[in-house]
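Enquirer: Pasting target.txt below, which is compact mmCIF, C-alpha atoms.
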# COMPACT_ATOMS: atom_id res chain seq x y z
CA MET A 84 11.48 -2.48 31.64
CA PRO A 85 12.75 -0.03 28.99
CA GLN A 86 16.18 -0.79 27.60
CA GLU A 87 18.96 1.63 26.85
CA THR A 88 18.59 1.80 23.06
CA ASP A 89 18.99 5.51 22.28
CA GLY A 90 22.65 5.33 21.32
CA LEU A 91 22.27 2.33 19.03
CA THR A 92 21.91 2.46 15.25
CA ASP A 93 18.91 0.88 13.53
CA SER A 94 21.05 -2.02 12.31
CA GLU A 95 22.37 -2.66 15.83
CA LEU A 96 18.84 -2.71 17.21
CA VAL A 97 17.64 -5.03 14.44
CA GLY A 98 20.61 -7.32 15.12
CA ARG A 99 19.72 -7.51 18.81
CA VAL A 100 16.07 -8.32 18.07
CA VAL A 101 17.00 -11.01 15.55
CA ARG A 102 19.34 -12.57 18.14
CA GLY A 103 16.37 -12.93 20.49
CA GLU A 104 16.28 -9.66 22.47
CA THR A 105 12.62 -8.91 21.73
CA ASP A 106 12.59 -5.92 24.09
CA ALA A 107 15.11 -4.12 21.87
CA PHE A 108 12.29 -3.82 19.33
CA ALA A 109 10.70 -1.21 21.62
CA GLY A 110 13.59 1.09 20.68
CA LEU A 111 12.55 0.88 17.03
CA VAL A 112 8.89 1.42 17.91
CA ARG A 113 9.77 4.53 19.91
CA ARG A 114 12.06 5.83 17.16
CA TYR A 115 9.76 5.22 14.21
CA GLY A 116 6.30 5.24 15.82
CA PRO A 117 5.57 8.81 14.65
CA LEU A 118 6.71 7.99 11.09
CA VAL A 119 4.47 4.93 10.86
CA GLN A 120 1.62 6.84 12.47
CA ARG A 121 1.87 9.71 9.94
CA THR A 122 2.02 7.24 7.04
CA VAL A 123 -0.93 5.19 8.22
CA HIS A 124 -3.04 8.28 9.03
CA ARG A 125 -2.68 9.48 5.46
CA HIS A 126 -4.20 6.28 4.11
CA VAL A 127 -6.90 5.05 6.46
CA PRO A 128 -9.71 6.49 8.61
CA ARG A 129 -8.70 7.84 12.00
CA ASP A 130 -10.56 5.19 13.97
CA ARG A 131 -8.59 2.39 12.27
CA ALA A 132 -5.19 4.04 12.41
CA GLU A 133 -3.99 2.87 15.82
CA ASP A 134 -4.74 -0.75 15.08
CA LEU A 135 -2.94 -0.55 11.73
CA VAL A 136 0.08 1.17 13.27
CA GLN A 137 0.37 -1.80 15.64
CA GLU A 138 -0.21 -4.24 12.78
CA THR A 139 2.61 -2.59 10.83
CA PHE A 140 5.05 -3.08 13.69
CA ILE A 141 3.98 -6.70 14.15
CA ARG A 142 4.56 -7.41 10.47
CA ALA A 143 7.92 -5.65 10.63
CA PHE A 144 8.89 -7.73 13.66
CA GLN A 145 7.82 -10.96 12.00
CA SER A 146 9.83 -10.29 8.85
CA LEU A 147 12.82 -8.66 10.53
CA GLY A 148 14.92 -11.60 9.35
CA ASN A 149 14.42 -10.31 5.78
CA PHE A 150 15.70 -6.81 6.54
CA ALA A 151 19.06 -6.30 4.88
CA LEU A 152 21.37 -4.84 7.52
CA GLY A 153 22.84 -1.58 6.28
CA SER A 154 19.80 -0.60 4.20
CA LYS A 155 17.45 2.15 5.33
CA PHE A 156 15.14 0.94 8.07
CA PRO A 157 12.62 3.84 7.82
CA GLU A 158 12.09 3.16 4.09
CA TRP A 159 11.63 -0.54 4.72
CA LEU A 160 9.15 0.20 7.51
CA THR A 161 7.22 2.73 5.40
CA THR A 162 6.82 0.10 2.70
CA ILE A 163 5.35 -2.30 5.25
CA ALA A 164 3.02 0.44 6.54
CA VAL A 165 1.74 1.26 3.03
CA ARG A 166 1.19 -2.42 2.21
CA THR A 167 -0.62 -2.93 5.51
CA CYS A 168 -2.96 -0.07 4.57
CA TYR A 169 -3.44 -1.61 1.12
CA ASP A 170 -4.41 -4.95 2.69
CA PHE A 171 -6.81 -3.10 4.99
CA TRP A 172 -8.60 -1.49 2.03
CA ARG A 173 -8.73 -4.72 0.07
CA SER A 174 -10.39 -6.56 2.91
CA HIS A 175 -12.62 -3.56 3.72
CA TYR A 176 -13.84 -3.29 0.11
CA ARG A 177 -14.56 -7.04 0.00
CA ASN A 178 -16.82 -6.75 3.02
CA ARG A 179 -18.79 -3.67 2.06
CA GLU A 180 -21.74 -3.49 -0.28
CA SER A 181 -21.35 0.08 -1.48
CA PRO A 182 -19.30 3.17 -0.60
CA GLU A 183 -20.29 4.39 2.85
CA SER A 184 -19.62 8.10 2.79
CA SER A 185 -22.12 10.58 1.43
CA LEU A 186 -22.16 14.31 0.91
CA THR A 187 -24.62 17.06 1.62
CA GLU A 188 -25.36 20.55 0.38
CA GLN A 189 -22.86 21.76 2.95
CA HIS A 190 -20.05 20.01 1.05
CA ARG A 191 -21.13 21.51 -2.24
CA ASP A 192 -21.10 24.93 -0.66
CA TRP A 193 -17.61 24.25 0.63
CA ALA A 194 -16.45 23.27 -2.86
CA ASP A 195 -17.87 26.52 -4.21
CA ARG A 196 -16.19 28.56 -1.51
CA VAL A 197 -12.78 26.94 -1.85
CA THR A 198 -12.71 27.14 -5.65
CA ALA A 199 -13.78 30.78 -5.54
CA ALA A 200 -11.38 31.79 -2.73
CA GLU A 201 -9.56 34.87 -3.91
CA SER A 202 -6.85 35.06 -1.29
CA GLN A 203 -4.43 32.37 -0.14
CA GLU A 204 -5.51 32.96 3.45
CA ARG A 205 -9.13 32.27 2.60
CA PHE A 206 -8.14 29.17 0.62
CA ASP A 207 -6.06 27.83 3.54
CA ARG A 208 -8.92 28.45 5.95
CA GLU A 209 -11.29 26.45 3.78
CA VAL A 210 -8.73 23.64 3.41
CA ARG A 211 -8.57 23.26 7.18
CA ARG A 212 -12.34 22.74 7.47
CA GLY A 213 -13.72 19.26 8.10
CA GLU A 214 -15.58 19.30 4.79
CA ALA A 215 -12.26 19.13 2.94
CA ARG A 216 -11.36 15.76 4.41
CA GLU A 217 -14.91 14.49 4.01
CA VAL A 218 -15.00 15.36 0.31
CA LEU A 219 -11.58 13.78 -0.15
CA SER A 220 -12.66 10.63 1.60
CA TYR A 221 -15.85 10.55 -0.51
CA ALA A 222 -13.87 10.80 -3.76
CA LEU A 223 -11.29 8.17 -2.70
CA ASP A 224 -14.02 5.85 -1.50
CA ARG A 225 -15.25 5.54 -5.05
CA LEU A 226 -11.94 4.22 -6.35
CA SER A 227 -10.66 0.65 -6.18
CA PRO A 228 -8.14 -0.08 -3.38
CA GLU A 229 -5.29 -0.03 -5.93
CA ASP A 230 -6.40 3.27 -7.49
CA ARG A 231 -6.99 4.76 -4.10
CA LEU A 232 -3.47 3.99 -2.95
CA VAL A 233 -1.80 5.13 -6.12
CA VAL A 234 -3.73 8.43 -6.16
CA THR A 235 -2.82 9.01 -2.54
CA LEU A 236 0.87 8.33 -3.06
CA VAL A 237 1.40 10.01 -6.42
CA HIS A 238 -1.13 12.83 -6.64
CA LEU A 239 -1.81 13.70 -3.04
CA GLU A 240 1.61 13.12 -1.51
CA GLY A 241 3.63 13.96 -4.61
CA LEU A 242 5.83 10.84 -4.72
CA SER A 243 7.51 9.97 -8.01
CA SER A 244 6.29 6.86 -9.85
CA GLU A 245 9.53 5.09 -8.86
CA GLU A 246 9.11 5.90 -5.15
CA ALA A 247 5.47 4.82 -5.18
CA ALA A 248 6.41 1.65 -7.06
CA ARG A 249 8.95 0.76 -4.39
CA GLN A 250 6.38 1.21 -1.62
CA LEU A 251 3.72 -0.80 -3.43
CA GLY A 252 5.97 -3.49 -4.86
CA TRP A 253 4.71 -2.72 -8.40
CA THR A 254 6.64 -1.67 -11.50
CA ALA A 255 7.09 2.05 -12.14
CA VAL A 256 5.28 1.72 -15.48
CA ASN A 257 2.31 0.10 -13.81
CA VAL A 258 2.19 2.92 -11.24
CA LYS A 259 2.43 5.58 -13.95
CA VAL A 260 -0.39 4.11 -16.02
CA ARG A 261 -2.62 3.45 -13.04
CA ALA A 262 -1.95 6.86 -11.50
CA HIS A 263 -3.00 8.57 -14.71
CA ARG A 264 -6.20 6.56 -15.05
CA ALA A 265 -7.04 6.79 -11.35
CA ARG A 266 -6.63 10.55 -11.31
CA ARG A 267 -8.93 10.87 -14.33
CA ARG A 268 -11.48 8.69 -12.53
CA MET A 269 -11.29 10.82 -9.40
CA ARG A 270 -11.75 14.01 -11.40
CA ARG A 271 -14.81 12.47 -13.05
CA GLU A 272 -16.24 11.72 -9.60
CA LEU A 273 -15.63 15.29 -8.47
CA GLU A 274 -17.07 16.62 -11.69
CA ALA A 275 -20.23 14.58 -11.24
CA LEU A 276 -20.59 15.96 -7.76
CA PHE A 277 -19.86 19.59 -8.22
CA GLY A 278 -19.99 20.12 -11.96
CA ASP A 279 -23.51 21.37 -12.67
CA HIS A 280 -23.99 22.99 -9.32
CA GLY A 281 -20.66 24.74 -9.57
CA GLU A 282 -21.39 25.91 -13.07
CA ALA A 283 -24.69 27.46 -12.01
CA LEU A 284 -23.07 29.27 -9.12
CA TRP A 285 -20.15 30.39 -11.25
CA ASN A 286 -22.51 31.85 -13.81
CA THR A 287 -24.62 33.56 -11.16
CA LYS A 288 -21.55 35.13 -9.54
CA ASN A 289 -20.43 36.47 -12.89
CA GLY A 290 -23.89 37.67 -13.80
CA THR A 291 -24.17 35.28 -16.72
CA ALA A 292 -26.64 32.78 -15.31
CA LYS A 293 -28.14 30.66 -18.05
CA SER A 294 -31.90 30.56 -18.26
CA MET B 196 -14.71 26.37 -25.09
CA GLU B 197 -14.34 29.12 -22.49
CA HIS B 198 -16.85 27.34 -20.31
CA GLU B 199 -14.83 24.10 -20.51
CA GLU B 200 -11.67 25.95 -19.56
CA ARG B 201 -13.38 27.51 -16.54
CA HIS B 202 -14.76 24.14 -15.61
CA GLY B 203 -11.30 22.58 -15.84
CA GLU B 204 -9.82 25.39 -13.74
CA LYS B 205 -12.43 24.82 -11.09
CA LEU B 206 -11.66 21.12 -10.96
CA ASP B 207 -7.93 21.90 -10.74
CA ARG B 208 -8.60 24.24 -7.84
CA LEU B 209 -10.73 21.64 -6.09
CA GLU B 210 -8.04 19.03 -6.56
CA GLN B 211 -5.45 21.45 -5.21
CA ALA B 212 -7.61 22.03 -2.11
CA LEU B 213 -8.00 18.29 -1.53
CA ARG B 214 -4.25 17.79 -1.89
CA ALA B 215 -3.61 20.53 0.65
CA ALA B 216 -6.17 19.00 3.01
CA HIS B 217 -4.47 15.62 2.71
CA ARG B 218 -1.08 17.12 3.54
CA LEU B 219 -2.25 18.81 6.74
CA GLU B 220 -0.55 17.16 9.67
CA PRO B 221 -3.18 16.43 12.32
CA ALA B 222 -2.19 16.44 15.99
CA LEU B 223 -1.72 12.74 16.72
CA PRO B 224 -1.56 11.07 20.11
CA PRO B 225 1.80 9.45 20.91
CA VAL B 226 2.18 5.82 19.84
CA ARG B 227 1.51 3.48 22.77
CA VAL B 228 4.80 1.60 22.74
CA GLU B 229 3.75 -0.85 25.46
CA ALA B 230 0.56 -1.77 23.59
CA VAL B 231 2.60 -2.44 20.45
CA MET B 232 5.13 -4.50 22.39
CA ALA B 233 2.40 -6.56 24.05
CA ARG B 234 1.12 -7.57 20.62
CA VAL B 235 4.65 -8.12 19.33
CA ARG B 236 5.46 -10.47 22.21
CA SER B 237 2.32 -12.49 21.62
CA ALA B 238 3.18 -12.68 17.91
CA GLY B 239 6.09 -15.02 18.77
CA ALA B 240 9.66 -15.06 17.57
CA VAL B 241 11.23 -13.06 14.76
CA GLY B 242 10.65 -14.80 11.48
CA GLY B 243 12.74 -14.77 8.38
CA GLY B 244 9.55 -14.33 6.39
CA ASP B 245 10.00 -15.26 2.75
CA VAL B 246 13.59 -16.45 3.09
CA ARG B 247 12.69 -18.86 5.87
CA PHE B 248 9.73 -20.09 3.85
CA LEU B 249 12.00 -20.66 0.85
CA TRP B 250 14.41 -22.81 2.91
CA GLN B 251 11.52 -24.81 4.33
CA PHE B 252 10.19 -25.36 0.82
CA LEU B 253 13.60 -26.47 -0.51
CA ALA B 254 14.11 -28.85 2.43
CA ALA B 255 10.68 -30.40 1.87
CA ALA B 256 11.40 -30.79 -1.87
CA ALA B 257 14.76 -32.50 -1.13
CA VAL B 258 13.10 -34.95 1.30
CA ALA B 259 10.39 -35.72 -1.27
CA ALA B 260 13.04 -36.39 -3.98
CA VAL B 261 14.98 -38.77 -1.69
CA LEU B 262 11.79 -40.65 -0.79
CA LEU B 263 10.80 -40.98 -4.44
CA LEU B 264 14.24 -42.29 -5.41
CA GLY B 265 14.16 -44.71 -2.49
CA ALA B 266 10.76 -46.02 -3.50
CA THR B 267 11.91 -46.52 -7.10
CA LEU B 268 15.01 -48.49 -6.03
CA TRP B 269 12.97 -50.51 -3.53
CA ASN B 270 10.75 -51.70 -6.37
CA GLY B 271 13.81 -53.13 -8.16
CA ALA B 272 13.93 -50.71 -11.01
CA SER B 273 16.73 -48.19 -11.17
CA PRO B 274 15.96 -44.78 -12.72
CA ASP B 275 18.13 -45.83 -15.73
CA THR B 276 16.11 -49.00 -16.32
CA VAL B 277 12.92 -47.01 -16.23
CA ALA B 278 14.29 -44.52 -18.73
CA ILE B 279 15.55 -47.25 -21.12
CA SER B 280 12.31 -49.22 -20.98
CA GLN B 281 10.42 -46.03 -21.74
CA MET B 282 12.72 -45.37 -24.73
CA ALA B 283 12.08 -48.85 -26.11
CA GLU B 284 8.36 -48.12 -26.17
CA SER B 285 8.82 -44.72 -27.64
CA PRO B 286 7.41 -44.16 -31.15
CA TRP B 287 10.82 -42.74 -32.19
CA THR B 288 12.33 -46.26 -32.16
CA VAL B 289 9.92 -47.18 -34.94
CA LEU B 290 10.63 -44.13 -37.02
CA VAL B 291 14.46 -44.45 -37.04
CA ASN B 292 15.92 -47.32 -39.04
CA PRO B 293 19.68 -47.81 -38.20
CA SER B 294 20.53 -49.03 -41.74
CA GLU B 295 19.28 -45.74 -43.17
CA LEU B 296 21.71 -43.85 -40.99
CA ASN B 297 24.64 -45.25 -43.00
Could you spell out this file's structure in structure tokens?

Expert:
Amino acid sequence: MPQETDGLTDSELVGRVVRGETDAFAGLVRRYGPLVQRTVHRHVPRDRAEDLVQETFIRAFQSLGNFALGSKFPEWLTTIAVRTCYDFWRSHYRNRESPESSLTEQHRDWADRVTAAESQERFDREVRRGEAREVLSYALDRLSPEDRLVVTLVHLEGLSSEEAARQLGWTAVNVKVRAHRARRRMRRELEALFGDHGEALWNTKNGTAKS
Amino acid sequence: MEHEERHGEKLDRLEQALRAAHRLEPALPPVRVEAVMARVRSAGAVGGGDVRFLWQFLAAAAVAAVLLLGATLWNGASPDTVAISQMAESPWTVLVNPSELN
């Protein structure tokens, strides 16, 4: 039976839940479900997202007693979502033998097309293709869970080191150092994939193919 | 040199494309509130998480300290007696000669 929670502030809802009105938590789930969903979808594969969205809310519920009334609930919840994704990757990496994703000639062709796109429209069209996400997932898959998360937060989402540090529970210096190293590692992975092939194509397009 | 620059530019462009791909907002199905709530209800009551754990830890430590003190007194030796007897056996008592202190 849905409760009337629309007019209540986050702190009022949290207060009700802490006092034992579990159903009031549904108001927070409705209000912040899309936020948690967007956050989780940016970090984990689609088929795991729903489960991790639910896991995030369960963790939030279980530690609601730690939430400081008056502070920002969405930020607190986002932190839990990011840490839930981090835990997912740590356990996933422990149980796998090697990275699962692989690429084909089709992905190399995509990389050539997107890097050579002359108009913004063409570039955007290529970005929306499935190959873009597959290449991204391939590159991230080759990083450690920590590097993966830090690259996602800092380089892909554009968070500052301080913001990322808050979400991860690390120091800003640690995030800065790791983000720099992780990005270099990811570029090396991309280079290994598309470097020689790209160079050959580049030279051919410009009529300077090496013999 | 020129080749390296071109190579770097290409990597930058590729990175830019991957960043843009990451930022695309996919159409997501609405969150199933009832499914979340079913799991929440089975998860039990709201916990205080770390704070609650800290209080439990402190309470357990206090109980352990009381029990230890009780056991010491029960054996007929007060904590002071134990400390003094340990001092008497300490090597420092040998090293310090009271007459030298004057």

Enquirer: Which residue is closest to chain A? Choose from B:Ala233, B:Ala215, B:Leu262, B:Ala222 and count only C-alpha atoms.

Expert: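 Smallest separation from chain A among the options: B:Ala215.
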
Enquirer: Between CA of Leu219 (chain A) and CA of Gln250 (chain A), measure the distance and give it in Å to one decimal.

Expert: 22.0 Å

Enquirer: Please report, as a Markdown table, each residue of chain A lying at most 6 Å from chain B, together with the nearest pair of atoms and the separation in Å rounded to one decimal; use all atoms listed in the file, and order rows by chain and ascending residue number.

Expert:
| residue | atom | partner | partner_atom | distance |
| --- | --- | --- | --- | --- |
| A:Gly116 | CA | B:Val226 | CA | 5.8 |
| A:Gln137 | CA | B:Val231 | CA | 5.3 |
| A:Ile141 | CA | B:Val235 | CA | 5.4 |
| A:Phe144 | CA | B:Val241 | CA | 5.9 |
| A:Gln145 | CA | B:Gly242 | CA | 4.8 |
| A:Ser146 | CA | B:Gly244 | CA | 4.7 |
| A:Gly148 | CA | B:Gly243 | CA | 4.0 |
| A:Asn149 | CA | B:Gly243 | CA | 5.4 |
| A:Thr198 | CA | B:Arg208 | CA | 5.5 |
| A:Val210 | CA | B:Ala216 | CA | 5.3 |
| A:Leu219 | CA | B:Leu213 | CA | 5.9 |
| A:Leu239 | CA | B:Arg214 | CA | 4.9 |

Enquirer: Report, in Å with one decimal, the straight-line distance from CA of Trp193 (chain A) to CA of Arg179 (chain A).

Expert: 28.0 Å

Enquirer: What does the distance from CA of Ser220 (chain A) to CA of Glu204 (chain A) come to in Å, to one decimal?

Expert: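 For CA of Ser220 (chain A) relative to CA of Glu204 (chain A), the distance reads 23.5 Å.
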
Enquirer: Select, from A:Val127, A:Leu226, A:Leu91, A:Val237, the residue with the minimum atom-to-atom distance to Leu111 (chain A), counting all atoms listed in the file.

Expert: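 Closest candidate: A:Leu91.
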